[in-house]
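Trainee: Got a structure for you, start_4.pdb, holding PDB, N, CA and C atoms.
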ATOM      1  N   MET A   1       0.845  -1.171   0.000
ATOM      2  CA  MET A   1       0.000   0.000   0.000
ATOM      3  C   MET A   1       0.896   1.242   0.000
ATOM      4  N   GLU A   2       0.569   2.167  -0.876
ATOM      5  CA  GLU A   2       1.319   3.416  -0.984
ATOM      6  C   GLU A   2       0.573   4.502  -0.226
ATOM      7  N   ILE A   3       1.268   5.210   0.662
ATOM      8  CA  ILE A   3       0.662   6.282   1.450
ATOM      9  C   ILE A   3       1.321   7.592   1.053
ATOM     10  N   ASP A   4       0.504   8.555   0.646
ATOM     11  CA  ASP A   4       0.992   9.868   0.231
ATOM     12  C   ASP A   4       0.354  10.914   1.133
ATOM     13  N   ILE A   5       1.187  11.690   1.840
ATOM     14  CA  ILE A   5       0.692  12.705   2.771
ATOM     15  C   ILE A   5       1.109  14.072   2.252
ATOM     16  N   THR A   6       0.129  14.963   2.071
ATOM     17  CA  THR A   6       0.375  16.287   1.520
ATOM     18  C   THR A   6      -0.187  17.336   2.449
ATOM     19  N   GLY A   7       0.533  18.449   2.592
ATOM     20  CA  GLY A   7       0.047  19.564   3.400
ATOM     21  C   GLY A   7      -0.184  20.782   2.520
ATOM     22  N   ARG A   8      -1.331  21.404   2.686
ATOM     23  CA  ARG A   8      -1.631  22.631   1.963
ATOM     24  C   ARG A   8      -1.574  23.806   2.933
ATOM     25  N   HIS A   9      -0.784  24.802   2.604
ATOM     26  CA  HIS A   9      -0.664  26.043   3.371
ATOM     27  C   HIS A   9       0.003  25.846   4.731
ATOM     28  N   PHE A  10       0.687  24.734   4.928
ATOM     29  CA  PHE A  10       1.502  24.542   6.123
ATOM     30  C   PHE A  10       2.437  23.346   5.907
ATOM     31  N   HIS A  11       3.452  23.253   6.741
ATOM     32  CA  HIS A  11       4.417  22.161   6.657
ATOM     33  C   HIS A  11       3.966  21.023   7.575
ATOM     34  N   VAL A  12       3.888  19.817   7.043
ATOM     35  CA  VAL A  12       3.468  18.651   7.822
ATOM     36  C   VAL A  12       4.664  18.178   8.651
ATOM     37  N   THR A  13       4.489  18.115   9.964
ATOM     38  CA  THR A  13       5.578  17.702  10.850
ATOM     39  C   THR A  13       5.769  16.186  10.793
ATOM     40  N   GLU A  14       6.917  15.738  11.235
ATOM     41  CA  GLU A  14       7.223  14.304  11.256
ATOM     42  C   GLU A  14       6.285  13.554  12.201
ATOM     43  N   ALA A  15       5.955  14.178  13.337
ATOM     44  CA  ALA A  15       5.049  13.535  14.296
ATOM     45  C   ALA A  15       3.674  13.311  13.666
ATOM     46  N   LEU A  16       3.188  14.293  12.915
ATOM     47  CA  LEU A  16       1.893  14.170  12.254
ATOM     48  C   LEU A  16       1.948  13.110  11.153
ATOM     49  N   LYS A  17       3.057  13.052  10.419
ATOM     50  CA  LYS A  17       3.217  12.031   9.374
ATOM     51  C   LYS A  17       3.203  10.623   9.974
ATOM     52  N   GLU A  18       3.895  10.445  11.088
ATOM     53  CA  GLU A  18       3.928   9.140  11.745
ATOM     54  C   GLU A  18       2.547   8.754  12.256
ATOM     55  N   TYR A  19       1.834   9.709  12.841
ATOM     56  CA  TYR A  19       0.483   9.464  13.357
ATOM     57  C   TYR A  19      -0.448   9.015  12.233
ATOM     58  N   VAL A  20      -0.406   9.741  11.121
ATOM     59  CA  VAL A  20      -1.254   9.422   9.973
ATOM     60  C   VAL A  20      -0.894   8.053   9.403
ATOM     61  N   SER A  21       0.393   7.785   9.251
ATOM     62  CA  SER A  21       0.836   6.504   8.696
ATOM     63  C   SER A  21       0.403   5.323   9.565
ATOM     64  N   GLU A  22       0.534   5.467  10.890
ATOM     65  CA  GLU A  22       0.115   4.393  11.806
ATOM     66  C   GLU A  22      -1.365   4.078  11.643
ATOM     67  N   LYS A  23      -2.180   5.124  11.583
ATOM     68  CA  LYS A  23      -3.626   4.925  11.469
ATOM     69  C   LYS A  23      -3.996   4.307  10.115
ATOM     70  N   ILE A  24      -3.350   4.756   9.046
ATOM     71  CA  ILE A  24      -3.661   4.263   7.705
ATOM     72  C   ILE A  24      -3.262   2.793   7.568
ATOM     73  N   GLU A  25      -2.157   2.402   8.188
ATOM     74  CA  GLU A  25      -1.696   1.007   8.111
ATOM     75  C   GLU A  25      -2.734   0.040   8.681
ATOM     76  N   LYS A  26      -3.559   0.505   9.612
ATOM     77  CA  LYS A  26      -4.563  -0.356  10.238
ATOM     78  C   LYS A  26      -5.722  -0.692   9.304
ATOM     79  N   LEU A  27      -5.799  -0.032   8.147
ATOM     80  CA  LEU A  27      -6.880  -0.295   7.201
ATOM     81  C   LEU A  27      -6.707  -1.624   6.466
ATOM     82  N   ASP A  28      -5.547  -2.248   6.592
ATOM     83  CA  ASP A  28      -5.300  -3.533   5.938
ATOM     84  C   ASP A  28      -6.186  -4.643   6.487
ATOM     85  N   LYS A  29      -6.752  -4.450   7.669
ATOM     86  CA  LYS A  29      -7.574  -5.501   8.275
ATOM     87  C   LYS A  29      -8.862  -5.762   7.499
ATOM     88  N   TYR A  30      -9.254  -4.841   6.626
ATOM     89  CA  TYR A  30     -10.485  -5.025   5.860
ATOM     90  C   TYR A  30     -10.299  -5.955   4.664
ATOM     91  N   SER A  31      -9.107  -6.399   4.418
ATOM     92  CA  SER A  31      -8.745  -7.384   3.394
ATOM     93  C   SER A  31      -9.193  -7.009   1.984
ATOM     94  N   LEU A  32      -9.461  -5.742   1.749
ATOM     95  CA  LEU A  32      -9.668  -5.259   0.392
ATOM     96  C   LEU A  32      -8.291  -4.868  -0.131
ATOM     97  N   LYS A  33      -8.022  -5.101  -1.354
ATOM     98  CA  LYS A  33      -6.697  -4.832  -1.907
ATOM     99  C   LYS A  33      -6.501  -3.328  -2.095
ATOM    100  N   ILE A  34      -6.047  -2.660  -1.034
ATOM    101  CA  ILE A  34      -5.839  -1.220  -1.062
ATOM    102  C   ILE A  34      -4.526  -0.937  -1.771
ATOM    103  N   GLU A  35      -4.596  -0.122  -2.822
ATOM    104  CA  GLU A  35      -3.413   0.187  -3.613
ATOM    105  C   GLU A  35      -2.747   1.478  -3.150
ATOM    106  N   MET A  36      -3.545   2.531  -2.933
ATOM    107  CA  MET A  36      -2.975   3.823  -2.599
ATOM    108  C   MET A  36      -3.915   4.611  -1.684
ATOM    109  N   VAL A  37      -3.331   5.346  -0.760
ATOM    110  CA  VAL A  37      -4.088   6.243   0.107
ATOM    111  C   VAL A  37      -3.419   7.610   0.023
ATOM    112  N   HIS A  38      -4.201   8.627  -0.332
ATOM    113  CA  HIS A  38      -3.692   9.994  -0.433
ATOM    114  C   HIS A  38      -4.372  10.828   0.650
ATOM    115  N   VAL A  39      -3.570  11.400   1.542
ATOM    116  CA  VAL A  39      -4.085  12.211   2.645
ATOM    117  C   VAL A  39      -3.669  13.659   2.405
ATOM    118  N   VAL A  40      -4.655  14.559   2.363
ATOM    119  CA  VAL A  40      -4.392  15.983   2.186
ATOM    120  C   VAL A  40      -4.815  16.693   3.465
ATOM    121  N   LEU A  41      -3.846  17.362   4.103
ATOM    122  CA  LEU A  41      -4.101  18.114   5.332
ATOM    123  C   LEU A  41      -3.985  19.594   4.986
ATOM    124  N   GLU A  42      -5.033  20.357   5.307
ATOM    125  CA  GLU A  42      -5.105  21.744   4.852
ATOM    126  C   GLU A  42      -5.467  22.677   5.997
ATOM    127  N   VAL A  43      -4.922  23.898   5.944
ATOM    128  CA  VAL A  43      -5.232  24.920   6.935
ATOM    129  C   VAL A  43      -5.869  26.103   6.222
ATOM    130  N   GLN A  44      -7.043  26.538   6.715
ATOM    131  CA  GLN A  44      -7.719  27.728   6.209
ATOM    132  C   GLN A  44      -8.086  28.596   7.406
ATOM    133  N   LYS A  45      -7.359  29.653   7.599
ATOM    134  CA  LYS A  45      -7.518  30.532   8.761
ATOM    135  C   LYS A  45      -7.517  29.727  10.051
ATOM    136  N   PHE A  46      -8.688  29.518  10.664
ATOM    137  CA  PHE A  46      -8.750  28.807  11.941
ATOM    138  C   PHE A  46      -9.357  27.419  11.804
ATOM    139  N   ARG A  47      -9.525  26.954  10.568
ATOM    140  CA  ARG A  47     -10.093  25.615  10.315
ATOM    141  C   ARG A  47      -9.009  24.687   9.811
ATOM    142  N   TYR A  48      -9.037  23.471  10.299
ATOM    143  CA  TYR A  48      -8.129  22.425   9.835
ATOM    144  C   TYR A  48      -8.965  21.396   9.087
ATOM    145  N   ILE A  49      -8.575  21.091   7.860
ATOM    146  CA  ILE A  49      -9.344  20.194   7.010
ATOM    147  C   ILE A  49      -8.490  18.985   6.664
ATOM    148  N   SER A  50      -9.078  17.821   6.778
ATOM    149  CA  SER A  50      -8.403  16.569   6.428
ATOM    150  C   SER A  50      -9.223  15.867   5.358
ATOM    151  N   GLU A  51      -8.560  15.484   4.276
ATOM    152  CA  GLU A  51      -9.227  14.768   3.191
ATOM    153  C   GLU A  51      -8.451  13.488   2.924
ATOM    154  N   ILE A  52      -9.165  12.371   2.840
ATOM    155  CA  ILE A  52      -8.546  11.078   2.563
ATOM    156  C   ILE A  52      -9.167  10.512   1.296
ATOM    157  N   VAL A  53      -8.317  10.136   0.346
ATOM    158  CA  VAL A  53      -8.759   9.479  -0.884
ATOM    159  C   VAL A  53      -8.113   8.101  -0.895
ATOM    160  N   LEU A  54      -8.937   7.065  -0.941
ATOM    161  CA  LEU A  54      -8.460   5.684  -0.885
ATOM    162  C   LEU A  54      -8.776   4.996  -2.210
ATOM    163  N   LEU A  55      -7.762   4.408  -2.825
ATOM    164  CA  LEU A  55      -7.946   3.667  -4.062
ATOM    165  C   LEU A  55      -7.648   2.201  -3.798
ATOM    166  N   ALA A  56      -8.625   1.360  -4.092
ATOM    167  CA  ALA A  56      -8.470  -0.083  -3.946
ATOM    168  C   ALA A  56      -8.855  -0.719  -5.272
ATOM    169  N   LYS A  57      -8.764  -2.013  -5.344
ATOM    170  CA  LYS A  57      -9.094  -2.713  -6.571
ATOM    171  C   LYS A  57     -10.588  -2.548  -6.860
ATOM    172  N   GLY A  58     -10.917  -1.754  -7.890
ATOM    173  CA  GLY A  58     -12.304  -1.521  -8.265
ATOM    174  C   GLY A  58     -13.075  -0.638  -7.310
ATOM    175  N   LEU A  59     -12.378   0.202  -6.529
ATOM    176  CA  LEU A  59     -13.042   0.987  -5.488
ATOM    177  C   LEU A  59     -12.297   2.299  -5.273
ATOM    178  N   ARG A  60     -13.049   3.393  -5.128
ATOM    179  CA  ARG A  60     -12.469   4.701  -4.798
ATOM    180  C   ARG A  60     -13.345   5.340  -3.735
ATOM    181  N   LEU A  61     -12.772   5.582  -2.563
ATOM    182  CA  LEU A  61     -13.508   6.171  -1.445
ATOM    183  C   LEU A  61     -12.875   7.504  -1.057
ATOM    184  N   THR A  62     -13.703   8.474  -0.697
ATOM    185  CA  THR A  62     -13.200   9.767  -0.235
ATOM    186  C   THR A  62     -13.926  10.170   1.039
ATOM    187  N   ALA A  63     -13.208  10.890   1.897
ATOM    188  CA  ALA A  63     -13.792  11.433   3.127
ATOM    189  C   ALA A  63     -13.102  12.755   3.428
ATOM    190  N   GLU A  64     -13.887  13.750   3.786
ATOM    191  CA  GLU A  64     -13.331  15.060   4.118
ATOM    192  C   GLU A  64     -14.040  15.593   5.355
ATOM    193  N   GLU A  65     -13.258  16.029   6.323
ATOM    194  CA  GLU A  65     -13.804  16.555   7.572
ATOM    195  C   GLU A  65     -13.007  17.784   7.991
ATOM    196  N   ALA A  66     -13.641  18.659   8.750
ATOM    197  CA  ALA A  66     -12.993  19.865   9.261
ATOM    198  C   ALA A  66     -13.175  19.953  10.769
ATOM    199  N   SER A  67     -12.202  20.594  11.429
ATOM    200  CA  SER A  67     -12.260  20.751  12.874
ATOM    201  C   SER A  67     -11.359  21.915  13.276
ATOM    202  N   THR A  68     -11.276  22.176  14.576
ATOM    203  CA  THR A  68     -10.395  23.229  15.066
ATOM    204  C   THR A  68      -9.015  22.690  15.437
ATOM    205  N   ASP A  69      -8.812  21.375  15.250
ATOM    206  CA  ASP A  69      -7.536  20.730  15.538
ATOM    207  C   ASP A  69      -7.228  19.753  14.406
ATOM    208  N   MET A  70      -5.982  19.714  13.949
ATOM    209  CA  MET A  70      -5.625  18.868  12.812
ATOM    210  C   MET A  70      -5.803  17.383  13.134
ATOM    211  N   TYR A  71      -5.401  16.971  14.318
ATOM    212  CA  TYR A  71      -5.532  15.566  14.701
ATOM    213  C   TYR A  71      -7.013  15.159  14.772
ATOM    214  N   ALA A  72      -7.859  16.048  15.294
ATOM    215  CA  ALA A  72      -9.289  15.756  15.385
ATOM    216  C   ALA A  72      -9.910  15.665  13.991
ATOM    217  N   ALA A  73      -9.499  16.556  13.100
ATOM    218  CA  ALA A  73     -10.020  16.525  11.730
ATOM    219  C   ALA A  73      -9.621  15.221  11.042
ATOM    220  N   PHE A  74      -8.372  14.798  11.227
ATOM    221  CA  PHE A  74      -7.922  13.544  10.615
ATOM    222  C   PHE A  74      -8.672  12.356  11.219
ATOM    223  N   ASP A  75      -8.858  12.353  12.534
ATOM    224  CA  ASP A  75      -9.563  11.246  13.183
ATOM    225  C   ASP A  75     -11.001  11.129  12.691
ATOM    226  N   LYS A  76     -11.667  12.260  12.476
ATOM    227  CA  LYS A  76     -13.035  12.237  11.966
ATOM    228  C   LYS A  76     -13.085  11.646  10.555
ATOM    229  N   SER A  77     -12.182  12.105   9.688
ATOM    230  CA  SER A  77     -12.183  11.591   8.312
ATOM    231  C   SER A  77     -11.754  10.127   8.286
ATOM    232  N   MET A  78     -10.880   9.723   9.192
ATOM    233  CA  MET A  78     -10.458   8.335   9.281
ATOM    234  C   MET A  78     -11.633   7.448   9.714
ATOM    235  N   GLY A  79     -12.420   7.922  10.655
ATOM    236  CA  GLY A  79     -13.604   7.181  11.080
ATOM    237  C   GLY A  79     -14.592   7.015   9.946
ATOM    238  N   ASN A  80     -14.738   8.056   9.143
ATOM    239  CA  ASN A  80     -15.633   8.007   7.992
ATOM    240  C   ASN A  80     -15.154   6.968   6.969
ATOM    241  N   ILE A  81     -13.855   6.964   6.695
ATOM    242  CA  ILE A  81     -13.284   5.988   5.746
ATOM    243  C   ILE A  81     -13.441   4.568   6.289
ATOM    244  N   GLN A  82     -13.211   4.372   7.588
ATOM    245  CA  GLN A  82     -13.366   3.041   8.176
ATOM    246  C   GLN A  82     -14.801   2.555   8.056
ATOM    247  N   GLN A  83     -15.751   3.450   8.227
ATOM    248  CA  GLN A  83     -17.152   3.085   8.103
ATOM    249  C   GLN A  83     -17.471   2.675   6.662
ATOM    250  N   GLN A  84     -16.976   3.429   5.695
ATOM    251  CA  GLN A  84     -17.201   3.103   4.292
ATOM    252  C   GLN A  84     -16.546   1.773   3.924
ATOM    253  N   LEU A  85     -15.306   1.562   4.404
ATOM    254  CA  LEU A  85     -14.612   0.304   4.126
ATOM    255  C   LEU A  85     -15.337  -0.877   4.756
ATOM    256  N   GLY A  86     -15.859  -0.688   5.956
ATOM    257  CA  GLY A  86     -16.607  -1.758   6.614
ATOM    258  C   GLY A  86     -17.830  -2.156   5.812
ATOM    259  N   ARG A  87     -18.545  -1.153   5.286
ATOM    260  CA  ARG A  87     -19.714  -1.442   4.457
ATOM    261  C   ARG A  87     -19.315  -2.189   3.184
ATOM    262  N   GLN A  88     -18.221  -1.760   2.544
ATOM    263  CA  GLN A  88     -17.763  -2.431   1.331
ATOM    264  C   GLN A  88     -17.329  -3.869   1.628
ATOM    265  N   HIS A  89     -16.669  -4.048   2.771
ATOM    266  CA  HIS A  89     -16.209  -5.379   3.164
ATOM    267  C   HIS A  89     -17.402  -6.303   3.391
ATOM    268  N   ASP A  90     -18.454  -5.797   4.048
ATOM    269  CA  ASP A  90     -19.651  -6.599   4.296
ATOM    270  C   ASP A  90     -20.363  -6.948   2.995
ATOM    271  N   ARG A  91     -20.434  -6.006   2.078
ATOM    272  CA  ARG A  91     -21.076  -6.273   0.798
ATOM    273  C   ARG A  91     -20.336  -7.354   0.032
ATOM    274  N   LYS A  92     -19.032  -7.260   0.026
ATOM    275  CA  LYS A  92     -18.223  -8.250  -0.679
ATOM    276  C   LYS A  92     -18.396  -9.623  -0.047
ATOM    277  N   LYS A  93     -18.450  -9.665   1.277
ATOM    278  CA  LYS A  93     -18.573 -10.921   2.000
ATOM    279  C   LYS A  93     -19.954 -11.531   1.817
ATOM    280  N   ASP A  94     -20.998 -10.696   1.761
ATOM    281  CA  ASP A  94     -22.366 -11.193   1.660
ATOM    282  C   ASP A  94     -22.714 -11.729   0.275
ATOM    283  N   HIS A  95     -22.053 -11.259  -0.748
ATOM    284  CA  HIS A  95     -22.405 -11.652  -2.112
ATOM    285  C   HIS A  95     -21.534 -12.785  -2.651
ATOM    286  N   LYS A  96     -20.885 -13.487  -1.779
ATOM    287  CA  LYS A  96     -20.035 -14.590  -2.203
ATOM    288  C   LYS A  96     -20.906 -15.779  -2.596
ATOM    289  N   ILE A  97     -20.596 -16.414  -3.693
ATOM    290  CA  ILE A  97     -21.348 -17.569  -4.148
ATOM    291  C   ILE A  97     -20.773 -18.818  -3.483
ATOM    292  N   ARG A  98     -21.646 -19.606  -2.868
ATOM    293  CA  ARG A  98     -21.194 -20.816  -2.188
ATOM    294  C   ARG A  98     -21.700 -22.024  -2.944
ATOM    295  N   LEU A  99     -20.799 -22.889  -3.297
ATOM    296  CA  LEU A  99     -21.161 -24.130  -3.984
ATOM    297  C   LEU A  99     -21.170 -25.267  -2.974
ATOM    298  N   LYS A 100     -22.101 -26.184  -3.165
ATOM    299  CA  LYS A 100     -22.188 -27.325  -2.220
ATOM    300  C   LYS A 100     -21.392 -28.494  -2.700
TER
END
Output the structure of this file as structure tokens.
Mentor:
Amino acid sequence: MEIDITGRHFHVTEALKEYVSEKIEKLDKYSLKIEMVHVVLEVQKFRYISEIVLLAKGLRLTAEEASTDMYAAFDKSMGNIQQQLGRQHDRKKDHKIRLK
């Protein structure tokens, strides 16, 4: 899985990069073939915006959230992506053809 972290209008610190990478690595548990994750962290005056774009085999998911703290904004968008991945994982699991 390729992880790309980008900062708009500010410099992304190493601590923030490590935090984001740790959380993104946990998405492998959904067993969907995730190819690339692009995280865009943005600052607009007093708002912090986090956008996550996830590309998997035959799947593209996006989540964008804003907050007054960068870590909180990322956590919100991460929760949204996890919810979407969980739904996709359940759909894939439920539509499996079983032969007797």
Trainee: One decimal, in Å: what's the spacing between atom CA of A:Glu64 and atom CA of A:Ser77?
Mentor: 5.6 Å
Trainee: Got a sec: who's within 8 Å of stretch 79-89 of chain A, counting only C-alpha atoms, leaving out chain neighbours fewer than 2 positions off, as a VMD selection string?
Mentor: chain A and resid 27 30 to 32 52 61 to 63 75 to 77 91 to 93
Trainee: Edge lengths and centre in Å to one decimal, as AutoDock Vina command-line options, of the axis-aligned box that encloses all listed atoms of stretch 2-13 of chain A with 6 Å added on every side?
Mentor:
--center_x 2.1 --center_y 14.1 --center_z 4.9 --size_x 19.4 --size_y 35.9 --size_z 23.8
Trainee: Rounded to one decimal, what separation in Å do you get between atom CA of A:Ile24 and atom C of A:Val39?
Mentor: 10.8 Å
Trainee: Quick one: of A:Glu35, A:Asp4, A:Glu22, A:Tyr48, who's nearest to A:Ala72, counting only N, CA and C atoms?
Mentor: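 The shortest atom-to-atom distance to A:Ala72 comes from A:Tyr48.
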Trainee: Which residues, named as in the file, does the PyMOL selection byres ((chain A and resi 6) around 8) pick out? Answer as number ranges by chain.
Mentor: A: 3-5, 7-12, 38-42
Trainee: Tell me, in Å to one decimal, how far atom N of A:Glu25 is from atom CA of A:Met78.
Mentor: 10.3 Å
